[in-house]
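K.L.:
Contents of coords_26.txt (compact mmCIF, C-alpha atoms):
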```
# COMPACT_ATOMS: atom_id res chain seq x y z
CA MET A 1 -41.82 -82.05 -16.27
CA THR A 2 -39.60 -85.11 -16.49
CA THR A 3 -36.24 -85.04 -14.75
CA VAL A 4 -33.53 -87.16 -16.33
CA SER A 5 -30.49 -87.92 -14.21
CA ALA A 6 -27.10 -88.08 -15.90
CA TYR A 7 -25.20 -91.06 -14.52
CA SER A 8 -21.45 -91.24 -14.47
CA TYR A 9 -19.10 -94.11 -13.66
CA THR A 10 -18.12 -92.13 -10.55
CA HIS A 11 -21.75 -92.33 -9.34
CA SER A 12 -21.74 -96.10 -9.84
CA VAL A 13 -18.43 -96.44 -7.97
CA ALA A 14 -19.78 -94.42 -5.02
CA TYR A 15 -23.00 -96.44 -4.96
CA VAL A 16 -21.36 -99.87 -5.20
CA ALA A 17 -18.51 -99.08 -2.76
CA ASP A 18 -20.84 -97.85 -0.01
CA ASN A 19 -23.31 -100.69 -0.52
CA VAL A 20 -20.54 -103.32 -0.44
CA LEU A 21 -19.55 -101.95 2.98
CA LYS A 22 -23.19 -101.80 4.08
CA SER A 23 -23.62 -105.45 3.02
CA LEU A 24 -20.49 -106.44 4.96
CA LYS A 25 -21.89 -104.67 8.02
CA ASP A 26 -25.17 -106.61 7.67
CA ILE A 27 -23.33 -109.93 7.23
CA ILE A 28 -21.13 -109.28 10.28
CA ARG A 29 -24.02 -108.26 12.53
CA LEU A 30 -26.44 -110.95 11.40
CA SER A 31 -23.67 -113.53 11.83
CA GLY A 32 -23.53 -112.55 15.51
CA MET A 33 -20.36 -110.41 15.41
CA ASP A 34 -19.68 -106.75 16.24
CA PRO A 35 -19.34 -104.44 13.17
CA THR A 36 -17.19 -101.95 15.14
CA LYS A 37 -13.94 -103.29 13.65
CA LEU A 38 -15.42 -102.64 10.19
CA THR A 39 -16.47 -99.09 11.08
CA ASN A 40 -13.08 -98.36 12.68
CA GLU A 41 -11.53 -99.13 9.28
CA TRP A 42 -14.37 -97.75 7.14
CA GLU A 43 -12.47 -94.82 5.63
CA SER A 44 -9.42 -96.89 4.66
CA THR A 45 -11.45 -99.81 3.30
CA HIS A 46 -13.76 -97.50 1.40
CA ARG A 47 -10.83 -95.61 -0.12
CA ALA A 48 -9.29 -98.88 -1.33
CA ILE A 49 -12.56 -100.24 -2.77
CA ARG A 50 -13.35 -96.93 -4.46
CA THR A 51 -9.87 -96.57 -5.94
CA TRP A 52 -9.77 -100.11 -7.33
CA LEU A 53 -13.35 -100.00 -8.62
CA ALA A 54 -12.48 -96.78 -10.43
CA SER A 55 -9.39 -98.37 -12.00
CA GLU A 56 -11.31 -101.64 -12.63
CA HIS A 57 -8.68 -103.70 -10.80
CA LEU A 58 -10.92 -104.93 -7.97
CA GLU A 59 -12.02 -108.53 -8.51
CA LYS A 60 -13.56 -109.37 -5.15
CA VAL A 61 -14.06 -108.25 -1.57
CA VAL A 62 -13.64 -111.07 0.92
CA LEU A 63 -14.83 -111.32 4.52
CA GLU A 64 -12.94 -114.05 6.34
CA VAL A 65 -14.43 -115.20 9.66
CA TYR A 66 -11.86 -117.18 11.59
CA ASN A 67 -11.05 -118.81 14.89
CA PRO A 68 -8.50 -116.47 16.56
CA VAL A 69 -6.93 -119.39 18.45
CA THR A 70 -6.27 -121.70 15.50
CA ASN A 71 -6.43 -119.02 12.76
CA ALA A 72 -8.59 -121.50 10.83
CA LEU A 73 -11.32 -120.20 8.55
CA VAL A 74 -14.84 -120.70 9.94
CA LEU A 75 -16.87 -118.95 7.27
CA ARG A 76 -16.06 -116.82 4.26
CA TRP A 77 -18.09 -114.37 2.19
CA ASP A 78 -17.04 -113.29 -1.30
CA ILE A 79 -18.42 -110.23 -3.07
CA ASP A 80 -17.40 -110.60 -6.71
CA ILE A 81 -17.32 -107.47 -8.87
CA ALA A 82 -18.74 -107.38 -12.43
CA TYR A 83 -17.72 -104.60 -14.84
CA GLN A 84 -20.39 -104.13 -17.51
CA TRP A 85 -20.93 -100.43 -17.04
CA SER A 86 -23.17 -98.52 -19.43
CA SER A 87 -24.59 -95.04 -18.94
CA SER A 88 -27.93 -96.12 -20.40
CA ASP A 89 -29.16 -98.22 -17.45
CA GLY A 90 -29.35 -96.23 -14.25
CA ALA A 91 -31.36 -98.39 -11.87
CA PHE A 92 -30.04 -98.56 -8.28
CA TYR A 93 -30.29 -102.11 -6.99
CA THR A 94 -29.35 -103.62 -3.61
CA ASP A 95 -31.03 -106.90 -2.67
CA THR A 96 -30.96 -106.87 1.13
CA ASP A 97 -33.62 -109.59 1.50
CA GLN A 98 -31.70 -112.17 -0.54
CA LEU A 99 -28.59 -111.43 1.49
CA ARG A 100 -30.45 -111.83 4.80
CA TYR A 101 -31.90 -115.15 3.70
CA HIS A 102 -28.47 -116.55 2.87
CA ILE A 103 -26.81 -115.14 5.99
CA LYS A 104 -29.31 -117.17 8.02
CA LYS A 105 -28.51 -120.25 5.93
CA ALA A 106 -24.78 -119.72 6.42
CA GLY A 107 -25.30 -119.72 10.19
CA VAL A 108 -24.07 -117.74 13.18
CA ALA A 109 -20.32 -117.45 13.79
CA PRO A 110 -18.87 -118.87 17.04
CA SER A 111 -18.78 -116.30 19.87
CA ILE A 112 -14.96 -116.13 19.81
CA ALA A 113 -14.78 -115.61 16.04
CA ASN A 114 -12.94 -112.64 14.57
CA TYR A 115 -12.94 -111.31 11.02
CA ASP A 116 -10.74 -109.71 8.39
CA ILE A 117 -11.58 -107.94 5.15
CA LEU A 118 -9.35 -108.64 2.15
CA LEU A 119 -9.49 -107.26 -1.38
CA LYS A 120 -8.39 -109.26 -4.44
CA ASN A 121 -7.13 -107.27 -7.40
CA LYS A 122 -5.98 -107.86 -10.95
CA PRO A 123 -2.24 -107.31 -11.51
CA GLY A 124 -1.05 -103.73 -11.91
CA ARG A 125 -3.34 -102.10 -9.38
CA PRO A 126 -2.50 -98.57 -8.21
CA ASP A 127 -1.18 -98.34 -4.64
CA VAL A 128 -3.46 -97.29 -1.80
CA ALA A 129 -1.91 -96.18 1.49
CA GLY A 130 -2.32 -98.78 4.23
CA TRP A 131 -2.89 -101.68 1.83
CA GLY A 132 -0.27 -104.26 0.81
CA THR A 133 -0.06 -107.84 -0.33
CA GLY A 134 -1.50 -110.68 1.73
CA SER A 135 -2.91 -114.16 1.44
CA PHE A 136 -6.24 -115.84 2.01
CA ARG A 137 -6.84 -118.49 4.64
CA ALA A 138 -7.26 -122.00 3.23
CA THR A 139 -10.77 -123.05 2.18
CA ASP A 140 -9.96 -126.78 2.32
CA GLY A 141 -13.03 -128.80 3.21
CA MET A 142 -15.41 -125.93 2.48
CA VAL A 143 -17.97 -125.51 -0.28
CA ARG A 144 -18.92 -122.31 -2.07
CA GLN A 145 -22.57 -121.30 -2.45
CA SER A 146 -23.37 -118.52 -4.92
CA MET A 147 -26.27 -116.11 -4.56
CA GLY A 148 -26.20 -114.03 -7.73
CA SER A 149 -26.31 -110.25 -8.08
CA THR A 150 -26.91 -108.31 -4.87
CA ILE A 151 -25.72 -104.78 -5.76
CA GLU A 152 -25.76 -102.96 -9.09
CA HIS A 153 -25.84 -99.59 -10.74
CA SER A 154 -25.55 -99.14 -14.50
CA GLY A 155 -23.88 -102.52 -14.95
CA LEU A 156 -21.23 -102.05 -12.25
CA GLY A 157 -22.31 -104.75 -9.87
CA ALA A 158 -21.48 -107.21 -7.15
CA SER A 159 -22.52 -110.82 -6.60
CA ALA A 160 -22.28 -112.50 -3.23
CA ALA A 161 -21.26 -116.05 -2.35
CA TYR A 162 -20.32 -117.77 0.88
CA TRP A 163 -18.12 -120.67 1.86
CA ARG A 164 -19.01 -123.06 4.66
CA THR A 165 -17.75 -126.37 5.93
CA CYS A 166 -19.29 -129.44 4.30
CA MET B 1 -40.65 -72.19 21.86
CA THR B 2 -37.98 -74.09 19.92
CA THR B 3 -36.60 -72.78 16.66
CA VAL B 4 -35.94 -75.61 14.18
CA VAL B 5 -33.85 -75.36 11.04
CA ARG B 6 -33.82 -78.03 8.35
CA ARG B 7 -31.07 -78.92 5.91
CA ASP B 8 -31.12 -81.53 3.13
CA PHE B 9 -27.84 -83.05 1.97
CA ARG B 10 -27.28 -84.95 -1.26
CA SER B 11 -25.75 -88.29 -0.39
CA ILE B 12 -25.00 -91.57 -2.23
CA PRO B 13 -24.23 -91.60 -5.15
CA HIS B 14 -23.71 -87.84 -5.48
CA ARG B 15 -21.34 -88.13 -2.49
CA ASP B 16 -20.20 -91.25 -0.75
CA ALA B 17 -21.08 -91.72 2.93
CA SER B 18 -17.70 -90.42 4.08
CA ALA B 19 -17.99 -87.19 2.08
CA THR B 20 -21.59 -86.77 3.29
CA TRP B 21 -20.53 -86.96 6.94
CA SER B 22 -17.66 -84.52 6.29
CA ALA B 23 -20.10 -82.05 4.74
CA ILE B 24 -22.44 -82.41 7.75
CA VAL B 25 -19.53 -81.86 10.17
CA ASP B 26 -18.57 -78.75 8.18
CA LEU B 27 -22.13 -77.46 8.50
CA LEU B 28 -22.39 -78.10 12.24
CA THR B 29 -18.98 -76.70 13.15
CA ALA B 30 -18.95 -73.96 10.50
CA GLY B 31 -15.27 -74.72 10.11
CA GLY B 32 -14.69 -73.48 13.68
CA ASP B 33 -14.19 -75.24 17.02
CA ALA B 34 -11.43 -77.83 16.54
CA ALA B 35 -12.39 -79.91 19.59
CA LYS B 36 -16.02 -80.33 18.47
CA ARG B 37 -14.84 -81.09 14.97
CA SER B 38 -12.46 -83.78 16.26
CA GLU B 39 -15.22 -85.32 18.37
CA LEU B 40 -17.51 -85.54 15.34
CA GLN B 41 -14.75 -86.87 13.11
CA ALA B 42 -13.87 -89.54 15.68
CA VAL B 43 -17.20 -91.27 15.01
CA ALA B 44 -16.93 -90.98 11.21
CA GLY B 45 -16.89 -94.75 10.59
CA VAL B 46 -20.07 -95.32 12.58
CA ALA B 47 -21.73 -92.27 11.02
CA CYS B 48 -20.78 -93.54 7.54
CA SER B 49 -22.44 -96.86 8.32
CA VAL B 50 -25.61 -95.05 9.44
CA ILE B 51 -25.59 -92.89 6.30
CA ALA B 52 -24.96 -95.92 4.01
CA ASP B 53 -27.93 -97.61 5.70
CA GLN B 54 -30.02 -94.59 4.64
CA GLY B 55 -30.92 -93.81 8.26
CA PRO B 56 -31.25 -90.04 7.60
CA ARG B 57 -33.49 -90.56 4.54
CA GLU B 58 -36.78 -90.36 6.46
CA SER B 59 -35.61 -89.51 9.98
CA PRO B 60 -33.13 -86.68 10.52
CA ILE B 61 -29.77 -86.39 12.18
CA VAL B 62 -30.67 -83.94 14.96
CA ALA B 63 -28.27 -81.45 16.52
CA THR B 64 -29.53 -79.88 19.75
CA CYS B 65 -27.79 -77.13 21.71
CA ASP B 66 -28.49 -73.99 23.71
CA GLY B 67 -29.66 -72.35 20.48
CA PRO B 68 -31.82 -73.47 17.54
CA ARG B 69 -32.20 -77.15 16.71
CA THR B 70 -30.89 -78.45 13.38
CA ARG B 71 -32.49 -81.35 11.52
CA ILE B 72 -30.43 -82.85 8.71
CA TYR B 73 -31.90 -85.20 6.11
CA CYS B 74 -30.05 -87.00 3.32
CA SER B 75 -31.28 -87.83 -0.16
CA TYR B 76 -30.21 -90.95 -2.04
CA ASP B 77 -30.18 -92.56 -5.48
CA ASP B 78 -31.92 -90.43 -8.14
CA ASP B 79 -33.09 -87.95 -5.49
CA GLY B 80 -29.46 -87.50 -4.47
CA LEU B 81 -28.53 -86.55 -8.03
CA ASP B 82 -31.23 -83.88 -8.23
CA ASP B 83 -29.86 -80.69 -6.69
CA SER B 84 -33.34 -79.15 -6.54
CA ASN B 85 -33.97 -81.45 -3.54
CA SER B 86 -31.10 -80.06 -1.50
CA ASN B 87 -30.52 -77.21 0.91
CA GLU B 88 -26.96 -77.30 2.21
CA ALA B 89 -26.69 -73.60 3.00
CA LYS B 90 -24.55 -72.50 5.93
CA LEU B 91 -26.37 -71.96 9.22
CA GLY B 92 -26.75 -68.46 10.57
CA PHE B 93 -26.01 -69.61 14.13
CA ASP B 94 -23.73 -71.93 16.11
CA ALA B 95 -25.44 -75.34 15.88
CA LEU B 96 -23.30 -76.73 18.74
CA LYS B 97 -23.55 -73.80 21.15
CA GLY B 98 -23.27 -74.64 24.85
CA ASP B 99 -24.62 -78.03 25.90
CA TRP B 100 -24.82 -79.80 22.53
CA GLN B 101 -25.76 -83.27 21.32
CA VAL B 102 -25.98 -84.92 17.91
CA SER B 103 -28.44 -87.80 17.50
CA LEU B 104 -28.09 -90.31 14.66
CA PRO B 105 -31.17 -92.19 13.32
CA VAL B 106 -30.49 -95.93 13.34
CA ALA B 107 -32.50 -99.06 12.51
CA GLU B 108 -33.64 -100.79 15.71
CA GLU B 109 -31.64 -103.92 14.86
CA ASP B 110 -28.39 -101.88 14.67
CA LEU B 111 -29.03 -99.73 17.72
CA ALA B 112 -27.09 -101.74 20.34
CA TRP B 113 -23.76 -101.96 18.52
CA VAL B 114 -23.98 -98.38 17.19
CA GLN B 115 -24.62 -96.99 20.69
CA SER B 116 -21.76 -99.07 22.07
CA ALA B 117 -19.38 -97.95 19.31
CA LEU B 118 -20.30 -94.26 19.75
CA LYS B 119 -19.78 -94.37 23.52
CA LYS B 120 -16.11 -95.25 22.99
CA HIS B 121 -15.58 -91.86 21.36
CA SER B 122 -18.18 -89.44 22.69
CA THR B 123 -21.02 -88.94 25.14
CA ARG B 124 -22.48 -86.13 23.02
CA ILE B 125 -22.95 -88.10 19.81
CA VAL B 126 -25.71 -90.63 20.38
CA ALA B 127 -27.96 -92.97 18.42
CA ARG B 128 -31.72 -93.47 18.58
CA ASP B 129 -34.22 -95.77 16.92
CA LYS B 130 -34.97 -93.96 13.67
CA ASN B 131 -38.67 -94.67 14.15
CA GLU B 132 -38.70 -92.68 17.38
CA GLY B 133 -38.04 -89.00 18.05
CA ILE B 134 -35.23 -87.91 20.34
CA GLY B 135 -36.09 -87.60 24.06
CA VAL B 136 -36.36 -83.83 24.07
CA GLU B 137 -38.69 -83.90 21.09
CA ARG B 138 -40.92 -86.53 22.69
CA GLU B 139 -41.24 -84.38 25.80
CA GLU B 140 -42.09 -81.37 23.69
CA GLN B 141 -44.73 -83.30 21.77
CA ALA B 142 -46.33 -84.23 25.10
CA MET B 143 -46.38 -80.55 26.02
CA ALA B 144 -47.73 -79.49 22.64
CA SER B 145 -50.80 -77.90 24.15
CA ASN B 146 -48.60 -75.44 26.05
CA SER B 147 -45.94 -74.68 23.47
CA MET B 148 -45.29 -74.63 19.78
CA THR B 149 -42.41 -75.40 17.45
CA LEU B 150 -41.60 -72.87 14.80
CA ASP B 151 -39.95 -74.06 11.61
CA VAL B 152 -38.76 -70.62 10.53
CA GLU B 153 -37.35 -71.58 7.15
CA GLY B 154 -40.27 -73.90 6.40
CA PHE B 155 -42.65 -71.05 7.19
CA TRP B 156 -40.98 -68.66 4.77
CA LYS B 157 -40.87 -71.35 2.06
CA SER B 158 -44.58 -72.11 2.35
```
Translate the structure of the given file into structure tokens.

P.N.:
Amino acid sequence: MTTVSAYSYTHSVAYVADNVLKSLKDIIRLSGMDPTKLTNEWESTHRAIRTWLASEHLEKVVLEVYNPVTNALVLRWDIDIAYQWSSSDGAFYTDTDQLRYHIKKAGVAPSIANYDILLKNKPGRPDVAGWGTGSFRATDGMVRQSMGSTIEHSGLGASAAYWRTC
Amino acid sequence: MTTVVRRDFRSIPHRDASATWSAIVDLLTAGGDAAKRSELQAVAGVACSVIADQGPRESPIVATCDGPRTRIYCSYDDDGLDDSNSNEAKLGFDALKGDWQVSLPVAEEDLAWVQSALKKHSTRIVARDKNEGIGVEREEQAMASNSMTLDVEGFWKS
């Protein structure tokens, strides 16, 4: 007997949202930082990502690693969202190995470094409790390195990139 | 002799990690004891990370207490969408009776920060290397010649 799963956009949202957070956890830990701040805010961050993936407003999830003394950006990771959902392609895809390779290339964060997670949306997003407007730290003097697709289900996907000083 | 009960929960993408942990907390507390429920909910973020990492896919979340032991596995991806793989039925006993502990299966590389994060909220909710059994189970395996483990539900299913 062959079992055929029926995929919905809700399944893709759940898969991508949780794997974006899992990828952030891996980046934070492998960069030498403590993921506890991420897990303390897991429910709120997940709710925001899920809501804005569902409404297709979420453009990117950004991890800013910064010097808490100067507030200057040390390293930045972007997870860009791609909306090409189709119910016909149901493969679950998360490329952990590619991510690990590039985390090593990006280098370990300084021991005093802290991090923030920011979400960039298209205009008109629905409100999510606990989330308001903000701004990114300057990326002056940094270069962006793209990695390609790292998470995908049914065309709802995410591509990672990182910024580092030249 | 230890009585062991197994449950299989459908996780991502059927449920997200947060909803999976909530369902597991509901099972273990049976909607009862508010203090135990609060203690389990206090570690939700860490538990969600463990579930998103697919820790309980091959190695269970284990609840031990003065009564039967409960092993909870999670299914993911296509397996998570197939309800024939699940058994989320309520338990016929108090899974956190008396001196209880809940052990989360974690990848070795995540163990240090997960243990540290859990300790801030609870001494009863702990993490172990997912490739190793919990301490009590290791001791019991060593004593296997003198005792046996009975998987009651597994027996009746076989």

K.L.:
Work out how far apart CA of Ile117 (chain A) and CA of Lys120 (chain B) are and give it in Å to one decimal.

P.N.:
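Here the two named atoms are 22.4 Å from each other.
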
K.L.:
Please provide as number ranges by chain all residues within 12 Å of Gly132 (chain A), with the sequence filter that same-chain residues fewer than 3 positions apart are discarded (counting all atoms listed in the file).

P.N.:
A: 48, 118-121, 125-129, 135

K.L.:
Define the interface residues of chain A facing chain B as those within 6 Å, counting all atoms listed in the file, and report them as a PDB file with C-alpha atoms, keeping the file's coordinate frame.

P.N.:
```pdb
ATOM      1  CA  HIS A  11     -21.750 -92.330  -9.340  1.00  0.00           C
ATOM      2  CA  ALA A  14     -19.780 -94.420  -5.020  1.00  0.00           C
ATOM      3  CA  TYR A  15     -23.000 -96.440  -4.960  1.00  0.00           C
ATOM      4  CA  THR A  39     -16.470 -99.090  11.080  1.00  0.00           C
ATOM      5  CA  ASN A  40     -13.080 -98.360  12.680  1.00  0.00           C
ATOM      6  CA  TRP A  42     -14.370 -97.750   7.140  1.00  0.00           C
TER       7      TRP A  42
END
```

K.L.:
CA of Gly107 (chain A) and CA of Gly32 (chain A), how far apart in Å?

P.N.:
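Interatomic distance, CA of Gly32 (chain A) to CA of Gly107 (chain A): 9.1 Å.
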
K.L.:
Kindly give the distance, in Å, that separates CA of Leu21 (chain A) and CA of Glu59 (chain A), rounded to a single decimal.

P.N.:
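Computing it gives 15.2 Å between the two atoms.
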
K.L.:
Would you kindly return, as a PyMOL selection string, each protein, DNA or RNA residue with an atom no farther than 7 Å from any atom of region 81-89 of chain A, considering all atoms listed in the file and excluding same-chain residues fewer than 2 positions away?

P.N.:
chain A and resi 7-8+58-60+79+91+154-159

K.L.:
May I have the residues within 9 Å of Lys97 (chain B) as an NGL selection string, using all atoms listed in the file and disregarding those fewer than 2 positions away in the same chain?

P.N.:
:B and (64-67 or 93-95 or 99-100)

K.L.:
Considering all atoms listed in the file, state which residue in the set B:Leu111, B:Leu96, B:Ala127, B:Ile24 is at the smallest distance from Arg7 (chain B).

P.N.:
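Ranking B:Leu111, B:Leu96, B:Ala127, B:Ile24 by distance to Arg7 (chain B), first place goes to B:Ile24.
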
K.L.:
Closest to Arg76 (chain A) among A:Thr10, A:Thr36, A:Asn19, A:Asn114, using all atoms listed in the file?

P.N.:
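Comparing A:Thr10, A:Thr36, A:Asn19, A:Asn114 against Arg76 (chain A), the winner is A:Asn114.
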
K.L.:
Could you check the closest approach to Ala72 (chain A) for each of A:Asp34, A:Gly134, A:Ala113, A:His153 and tell me which residue wins, using all atoms listed in the file?

P.N.:
A:Ala113

K.L.:
From the options A:Ala160, A:Ser55, A:Asp140, A:Ile112, which residue's atoms come nearest to Val20 (chain A), counting only C-alpha atoms?

P.N.:
A:Ala160

K.L.:
For Thr139 (chain A), please output as a PyMOL selection string all residues within 12 Å (counting only C-alpha atoms; exclusion window: fewer than 5 positions along the same chain).

P.N.:
chain A and resi 64-66+72-77+144+162-166

K.L.:
Keeping only C-alpha atoms, take the residues you just selected and write them out as a CSV table (one decimal), keeping the file's coordinate frame.

P.N.:
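Contents of the output file part19.csv:
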```csv
chain,number,residue,atom,x,y,z
A,64,GLU,CA,-12.9,-114.0,6.3
A,65,VAL,CA,-14.4,-115.2,9.7
A,66,TYR,CA,-11.9,-117.2,11.6
A,72,ALA,CA,-8.6,-121.5,10.8
A,73,LEU,CA,-11.3,-120.2,8.6
A,74,VAL,CA,-14.8,-120.7,9.9
A,75,LEU,CA,-16.9,-119.0,7.3
A,76,ARG,CA,-16.1,-116.8,4.3
A,77,TRP,CA,-18.1,-114.4,2.2
A,144,ARG,CA,-18.9,-122.3,-2.1
A,162,TYR,CA,-20.3,-117.8,0.9
A,163,TRP,CA,-18.1,-120.7,1.9
A,164,ARG,CA,-19.0,-123.1,4.7
A,165,THR,CA,-17.8,-126.4,5.9
A,166,CYS,CA,-19.3,-129.4,4.3
```
